[in-house]
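Visitor: Pasting final15.cif below, which is mmCIF, C-alpha atoms.
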data_target
#
loop_
_atom_site.label_atom_id
_atom_site.label_comp_id
_atom_site.auth_asym_id
_atom_site.auth_seq_id
_atom_site.Cartn_x
_atom_site.Cartn_y
_atom_site.Cartn_z
CA MET A 1 -8.54 22.54 19.32
CA ARG A 2 -7.41 22.78 15.69
CA ASN A 3 -9.85 21.96 12.92
CA ALA A 4 -8.68 19.60 10.18
CA ARG A 5 -10.03 18.86 6.72
CA LEU A 6 -9.21 15.37 5.40
CA ILE A 7 -8.84 14.95 1.62
CA GLN A 8 -9.07 11.29 0.59
CA ASP A 9 -9.86 11.41 -3.14
CA PHE A 10 -6.69 9.52 -4.00
CA ARG A 11 -8.21 7.47 -6.85
CA ASP A 12 -10.24 8.56 -9.85
CA THR A 13 -13.42 6.93 -11.18
CA ASN A 14 -11.28 4.30 -12.95
CA TYR A 15 -9.46 3.50 -9.68
CA ARG A 16 -6.20 4.96 -10.93
CA PRO A 17 -4.13 6.81 -8.30
CA THR A 18 -4.66 10.56 -8.54
CA ARG A 19 -1.40 11.28 -6.75
CA ARG A 20 1.84 9.40 -6.32
CA THR A 21 4.37 12.16 -5.67
CA ILE A 22 4.90 14.96 -3.19
CA ALA A 23 4.40 17.38 -6.08
CA ASP A 24 0.98 15.81 -6.72
CA GLY A 25 0.04 16.39 -3.08
CA LEU A 26 1.19 20.01 -3.14
CA ALA A 27 -0.81 20.64 -6.32
CA ARG A 28 -3.92 19.22 -4.65
CA LEU A 29 -3.24 21.35 -1.58
CA GLU A 30 -2.93 24.54 -3.63
CA GLN A 31 -6.16 23.62 -5.38
CA GLU A 32 -7.83 23.30 -1.99
CA LEU A 33 -6.35 26.57 -0.71
CA GLY A 34 -6.93 28.52 -3.90
CA ALA A 35 -3.50 30.08 -3.44
CA LYS A 36 0.20 29.30 -3.14
CA LEU A 37 1.03 27.66 0.17
CA ASP A 38 3.22 29.19 2.85
CA ILE A 39 6.74 27.84 3.27
CA GLY A 40 7.46 25.67 6.28
CA LEU A 41 3.90 24.69 7.05
CA CYS A 42 3.83 21.23 5.44
CA HIS A 43 5.07 17.96 6.83
CA LEU A 44 4.48 14.25 6.29
CA HIS A 45 2.64 12.19 8.86
CA VAL A 46 2.57 8.39 8.76
CA PRO A 47 -0.25 6.81 10.79
CA HIS A 48 0.48 3.42 12.33
CA GLN A 49 -1.86 0.56 13.12
CA PRO A 50 -1.83 -0.95 16.64
CA SER A 51 0.46 -3.66 15.25
CA GLY A 52 2.97 -0.95 14.36
CA THR A 53 2.50 -1.37 10.62
CA ALA A 54 2.45 1.75 8.43
CA LEU A 55 0.26 1.52 5.33
CA PHE A 56 0.13 5.05 3.93
CA ALA A 57 1.38 8.59 4.39
CA THR A 58 -0.40 11.92 4.62
CA LEU A 59 0.67 15.42 3.70
CA TRP A 60 -0.28 17.68 6.61
CA TYR A 61 -0.67 21.43 6.11
CA ARG A 62 -0.80 23.42 9.34
CA SER A 63 -2.41 26.79 8.73
CA TYR A 64 -1.67 29.91 10.76
CA ALA A 65 -5.44 30.26 11.08
CA GLY A 66 -5.65 26.90 12.84
CA ASP A 67 -7.53 25.10 10.06
CA ASP A 68 -5.37 22.18 8.97
CA ILE A 69 -5.64 20.24 5.71
CA ILE A 70 -4.63 16.58 5.60
CA ILE A 71 -4.15 15.00 2.18
CA ALA A 72 -3.96 11.20 2.18
CA TYR A 73 -1.87 9.19 -0.26
CA PRO A 74 -2.92 5.73 -1.48
CA PHE A 75 -1.76 2.62 0.36
CA SER A 76 1.88 2.02 -0.47
CA LYS A 77 4.80 -0.18 0.53
CA GLY A 78 7.36 2.63 0.59
CA CYS A 79 8.71 5.20 -1.81
CA ARG A 80 11.53 6.13 -4.14
CA ALA A 81 13.39 9.43 -4.21
CA ARG A 82 16.62 11.10 -5.26
CA THR A 83 19.26 12.55 -3.00
CA THR A 84 20.68 16.03 -3.49
CA SER A 85 23.46 14.42 -5.54
CA GLY A 86 20.93 12.69 -7.81
CA ALA A 87 21.35 9.15 -6.48
CA ARG A 88 18.23 6.98 -6.29
CA VAL A 89 17.18 5.78 -2.84
CA ASN A 90 14.36 3.63 -1.50
CA LEU A 91 12.69 4.74 1.72
CA SER A 92 10.24 3.06 4.05
CA LEU A 93 7.11 4.86 5.16
CA ASP A 94 8.49 5.01 8.70
CA GLN A 95 11.41 7.12 7.47
CA LEU A 96 8.98 9.76 6.19
CA ASP A 97 7.18 10.43 9.46
CA GLY A 98 7.73 14.03 10.53
CA ALA A 99 9.58 15.04 7.35
CA LEU A 100 9.29 18.69 6.32
CA ILE A 101 8.27 19.74 2.80
CA ASP A 102 9.07 22.97 0.97
CA GLU A 103 7.22 24.62 -1.91
CA ASP A 104 9.45 22.85 -4.48
CA ALA A 105 8.50 19.38 -3.15
CA ASN A 106 11.88 18.87 -1.52
CA VAL A 107 11.69 16.69 1.58
CA LEU A 108 13.80 17.11 4.71
CA LEU A 109 13.72 13.82 6.63
CA SER A 110 13.74 13.76 10.41
CA ASN A 111 17.33 12.44 10.35
CA GLY A 112 18.48 15.59 8.54
CA ARG A 113 18.77 14.00 5.11
CA SER A 114 17.24 15.83 2.12
CA VAL A 115 15.60 14.09 -0.83
CA ARG A 116 13.60 15.21 -3.84
CA ALA A 117 11.37 13.74 -6.57
CA LEU A 118 9.74 11.48 -3.98
CA GLU A 119 7.26 9.00 -5.45
CA PHE A 120 5.25 6.40 -3.53
CA ASP A 121 5.21 2.73 -4.54
CA VAL A 122 1.43 2.60 -4.59
CA LEU A 123 -0.19 -0.75 -3.89
CA PRO A 124 -2.84 -1.82 -6.37
CA HIS A 125 -6.50 -1.41 -5.60
CA PRO A 126 -8.62 -4.59 -5.52
CA LYS A 127 -10.21 -3.39 -8.76
CA ASP A 128 -6.79 -3.77 -10.40
CA PHE A 129 -6.75 -7.56 -9.90
CA THR A 130 -8.09 -10.23 -12.22
CA ASP A 131 -10.17 -13.14 -10.92
CA LEU A 132 -7.07 -15.33 -11.08
CA GLU A 133 -5.00 -12.86 -9.04
CA HIS A 134 -7.77 -12.51 -6.46
CA ALA A 135 -7.80 -16.30 -6.19
CA ILE A 136 -4.02 -16.44 -5.68
CA VAL A 137 -4.21 -13.90 -2.86
CA PHE A 138 -7.23 -15.65 -1.32
CA LEU A 139 -5.48 -19.02 -1.28
CA THR A 140 -2.29 -17.43 0.05
CA VAL A 141 -4.21 -16.14 3.06
CA ARG A 142 -5.68 -19.61 3.56
CA PHE A 143 -2.26 -21.25 3.17
CA LEU A 144 -0.79 -18.94 5.82
CA GLU A 145 -3.79 -19.54 8.10
CA ALA A 146 -4.01 -15.75 8.37
CA GLU A 147 -7.76 -15.34 7.92
CA ASP A 148 -7.95 -13.02 10.93
CA ILE A 149 -5.61 -10.61 9.13
CA GLY A 150 -6.27 -11.17 5.45
CA PHE A 151 -10.06 -11.41 5.39
CA ARG A 152 -12.62 -8.77 6.23
CA TYR A 153 -15.95 -10.14 7.40
CA MET A 154 -19.29 -8.46 6.67
CA PRO A 155 -21.76 -10.07 9.10
CA GLU A 156 -25.01 -8.72 7.65
CA PRO A 157 -24.74 -10.26 4.17
CA GLY A 158 -22.67 -13.10 5.59
CA LEU A 159 -19.77 -12.51 3.20
CA ARG A 160 -16.04 -12.16 3.56
CA GLY A 161 -13.55 -10.47 1.30
CA ILE A 162 -9.82 -9.97 1.02
CA ASP A 163 -8.55 -7.04 3.08
CA TYR A 164 -5.87 -5.69 0.76
CA SER A 165 -5.00 -2.94 3.23
CA ARG A 166 -3.37 -5.56 5.47
CA MET A 167 -1.50 -7.67 2.92
CA SER A 168 1.81 -6.05 3.88
CA GLU A 169 1.48 -7.74 7.29
CA LEU A 170 1.77 -11.17 5.66
CA SER A 171 4.93 -12.94 4.56
CA VAL A 172 5.65 -16.17 2.69
CA SER A 173 8.83 -18.12 3.37
CA ASN A 174 8.22 -21.09 1.05
CA VAL A 175 6.73 -20.03 -2.27
CA LYS A 176 7.07 -23.52 -3.75
CA ALA A 177 4.96 -25.00 -0.95
CA LEU A 178 2.43 -22.23 -1.52
CA ALA A 179 2.40 -23.03 -5.25
CA ARG A 180 1.63 -26.68 -4.49
CA TYR A 181 -1.22 -25.60 -2.20
CA ILE A 182 -2.63 -23.28 -4.85
CA ALA A 183 -2.39 -25.99 -7.51
CA ALA A 184 -4.35 -28.37 -5.28
CA HIS A 185 -7.15 -25.91 -4.47
CA ILE A 186 -7.54 -23.30 -7.20
CA GLY A 187 -9.67 -25.51 -9.43
CA LYS A 188 -12.11 -26.09 -6.55
CA LEU A 189 -12.91 -22.44 -5.93
CA PRO A 190 -16.53 -21.49 -6.71
CA ARG A 191 -17.06 -19.63 -9.97
CA GLY A 192 -19.95 -17.82 -11.60
CA ASP A 193 -22.49 -19.55 -13.81
CA GLU A 194 -20.92 -21.06 -16.93
CA GLU A 195 -17.45 -19.86 -15.92
CA PRO A 196 -14.79 -22.57 -16.21
CA PRO A 197 -12.63 -23.50 -13.20
CA LEU A 198 -9.41 -21.56 -12.81
CA GLY A 199 -6.51 -23.46 -14.30
CA PRO A 200 -2.88 -24.07 -13.32
CA VAL A 201 -0.79 -21.12 -12.17
CA SER A 202 2.93 -20.69 -12.78
CA LEU A 203 5.34 -19.99 -9.94
CA ASN A 204 6.29 -16.71 -11.62
CA LYS A 205 2.64 -15.62 -11.72
CA ILE A 206 2.25 -16.37 -8.02
CA GLN A 207 5.38 -14.39 -7.14
CA ASN A 208 4.32 -11.41 -9.26
CA THR A 209 0.83 -11.40 -7.75
CA LEU A 210 2.17 -11.50 -4.20
CA ALA A 211 4.48 -8.58 -5.01
CA MET A 212 1.56 -6.60 -6.44
CA ALA A 213 -0.55 -7.28 -3.36
CA GLY A 214 2.27 -6.31 -1.00
CA VAL A 215 2.76 -9.75 0.55
CA ARG A 216 6.38 -10.05 1.61
CA LYS A 217 8.64 -12.91 0.63
CA VAL A 218 11.12 -13.92 3.32
CA ARG A 219 13.86 -16.49 3.18
CA GLY A 220 13.24 -19.60 5.21
CA ARG A 221 16.03 -21.39 7.02
CA LYS A 222 17.54 -24.31 5.18
CA PRO A 223 17.58 -27.52 7.20
CA LYS A 224 20.97 -28.39 8.65
CA LYS A 225 22.76 -31.36 7.18
CA ALA A 226 23.19 -34.32 9.47
CA ASP A 227 26.72 -34.99 10.66
#
How does this structure look as structure tokens?
Guide:
Amino acid sequence: MRNARLIQDFRDTNYRPTRRTIADGLARLEQELGAKLDIGLCHLHVPHQPSGTALFATLWYRSYAGDDIIIAYPFSKGCRARTTSGARVNLSLDQLDGALIDEDANVLLSNGRSVRALEFDVLPHPKDFTDLEHAIVFLTVRFLEAEDIGFRYMPEPGLRGIDYSRMSELSVSNVKALARYIAAHIGKLPRGDEEPPLGPVSLNKIQNTLAMAGVRKVRGRKPKKAD
């Protein structure tokens, strides 16, 4: 059985991502090895949840000695890269699974396509959100009746919090209806001592917050006109 060392320090003490690119991952790997890495021993692995959703990618270094190093990237909704001709492309995490990496951070996808300058679209950490943005996400989960996905329960203290790692599993088809729901409930949310109730929220603010959190917006079907 191969041994594996998992490196998960993907945010610094200020919660900023420590790596976004393949080059960042290779630099961290060389730091761990204390030497230049061998060509052809690195690939990308994308773990999937039972639901089939991919939330992050890992850079996997397979050593000849049998001691592997796995470097995790932050949660992301996909990535951007450039083709060999310099064109910009957007890739899903699923497209990265099994891709090979060389020492110059070039990536050979499993479909035979080569890309470079790959950078992940990192999802924000909960620490990145303001109280208002937390409230928008909280009420969105309630609006979608998706508490089993969007909330993480902690039985011992009897608390529940937003599970930002699963926000990409949610989708909103009617943002205007969501905005009306938020307007009706946001002022009723409990606040700290002497903190005023949260005020009205613009539709643009709601849309931007959902995008930051990774909640997808899908088009709903328009009702058919009567004959």
Visitor: Starting from the PyMOL selection byres ((chain A and resi 103-108) around 9), expand the selection into actual residues of this file and give them as a PyMOL selection string.
Guide: chain A and resi 21-23+25-26+36-40+42-44+96+98-102+109-118
Visitor: Residues within 10 Å of Ala211 of chain A, please, as a list in words. Count only C-alpha atoms; anything in the same chain fewer than 6 positions from it doesn't count.
Guide: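 Selected residues are Leu123, Met167, Ser168, Lys205 and Lys217 of chain A.
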Visitor: Could you write out that same residue set with C-alpha atoms as a compact mmCIF listing (two decimals), in the frame of the given file?
Guide:
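Writing done, so here's again-v3.txt:
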# COMPACT_ATOMS: atom_id res chain seq x y z
CA LEU A 123 -0.19 -0.75 -3.89
CA MET A 167 -1.50 -7.67 2.92
CA SER A 168 1.81 -6.05 3.88
CA LYS A 205 2.64 -15.62 -11.72
CA LYS A 217 8.64 -12.91 0.63
Visitor: Quote the spacing between atom CA of Ile162 of chain A and atom CA of Thr18 of chain A in Å to one decimal place.
Guide: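 Computing the Euclidean distance for atom CA of Ile162 of chain A and atom CA of Thr18 of chain A yields 23.2 Å.
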Visitor: Would you write out, as a compact mmCIF listing (two decimals) with C-alpha atoms, keeping the file's coordinate frame, every residue that the PyMOL selection byres ((chain A and resi 176-193) around 10) captures in this file?
Guide:
# COMPACT_ATOMS: atom_id res chain seq x y z
CA ASP A 131 -10.17 -13.14 -10.92
CA LEU A 132 -7.07 -15.33 -11.08
CA ALA A 135 -7.80 -16.30 -6.19
CA ILE A 136 -4.02 -16.44 -5.68
CA VAL A 137 -4.21 -13.90 -2.86
CA PHE A 138 -7.23 -15.65 -1.32
CA LEU A 139 -5.48 -19.02 -1.28
CA THR A 140 -2.29 -17.43 0.05
CA ARG A 142 -5.68 -19.61 3.56
CA PHE A 143 -2.26 -21.25 3.17
CA LEU A 144 -0.79 -18.94 5.82
CA VAL A 172 5.65 -16.17 2.69
CA SER A 173 8.83 -18.12 3.37
CA ASN A 174 8.22 -21.09 1.05
CA VAL A 175 6.73 -20.03 -2.27
CA GLU A 194 -20.92 -21.06 -16.93
CA GLU A 195 -17.45 -19.86 -15.92
CA PRO A 196 -14.79 -22.57 -16.21
CA PRO A 197 -12.63 -23.50 -13.20
CA LEU A 198 -9.41 -21.56 -12.81
CA GLY A 199 -6.51 -23.46 -14.30
CA PRO A 200 -2.88 -24.07 -13.32
CA VAL A 201 -0.79 -21.12 -12.17
CA SER A 202 2.93 -20.69 -12.78
CA LEU A 203 5.34 -19.99 -9.94
CA ASN A 204 6.29 -16.71 -11.62
CA LYS A 205 2.64 -15.62 -11.72
CA ILE A 206 2.25 -16.37 -8.02
CA GLN A 207 5.38 -14.39 -7.14
Visitor: Need the shell around Glu32 of chain A: protein/DNA/RNA residues with any atom at most 12 Å away, counting only C-alpha atoms. Skip same-chain ones fewer than 5 positions apart. Format as a PyMOL selection string?
Guide: chain A and resi 5-7+25-27+37+61+68-71
Visitor: Can you list what the PyMOL selection byres ((chain A and resi 165) around 12) grabs from this structure, as a PyMOL selection string?
Guide: chain A and resi 49+53-56+74-77+122-126+149-152+161-164+166-170+213-215
Visitor: Mind checking which residues fall within 9 Å of Asn90 of chain A, counting all atoms listed in the file, ignoring those fewer than 3 positions away in the same chain, and posting them as an NGL selection string?
Guide: :A and (78-82)
Visitor: Using all atoms listed in the file, which of the listed residues (A:Val141, A:Thr58, A:His48, A:Leu41) sits closest to Arg19 of chain A?
Guide: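 So, comparing all the options, the nearest one is A:Thr58.
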Visitor: For the atom pair atom CA of Pro17 of chain A and atom CA of Asn208 of chain A, what is the interatomic distance in Å to one decimal place?
Guide: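 The value is 20.1 Å.
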Visitor: Counting only C-alpha atoms, figure out which residue out of A:Ser171, A:Asp121, A:Ala146, A:Leu33 gets nearest to Asp67 of chain A.
Guide: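 Ranked by minimum distance to Asp67 of chain A, first place goes to A:Leu33.
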Visitor: Using only C-alpha atoms, which of the listed residues (A:Asp24, A:Thr209, A:Leu29, A:Ala57) sits closest to Tyr73 of chain A?
Guide: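 For Tyr73 of chain A, the nearest of the given residues is A:Ala57.
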Visitor: Atom CA of Ala72 of chain A and atom CA of Gln8 of chain A, how far apart in Å?
Guide: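 Separation between atom CA of Gln8 of chain A and atom CA of Ala72 of chain A: 5.4 Å.
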Visitor: Could you check which of A:Asp97, A:Ser63, A:Gly34, A:Leu210 is closest to His134 of chain A, using all atoms listed in the file?
Guide: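 Ranked by minimum distance to His134 of chain A, first place goes to A:Leu210.
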Visitor: Go through A:Trp60, A:Ala4, A:Thr84, A:Val89 one by one, measure the shortest atom-to-atom distance of each to Arg28 of chain A using all atoms listed in the file, and give the residue with the smallest value.
Guide: A:Trp60
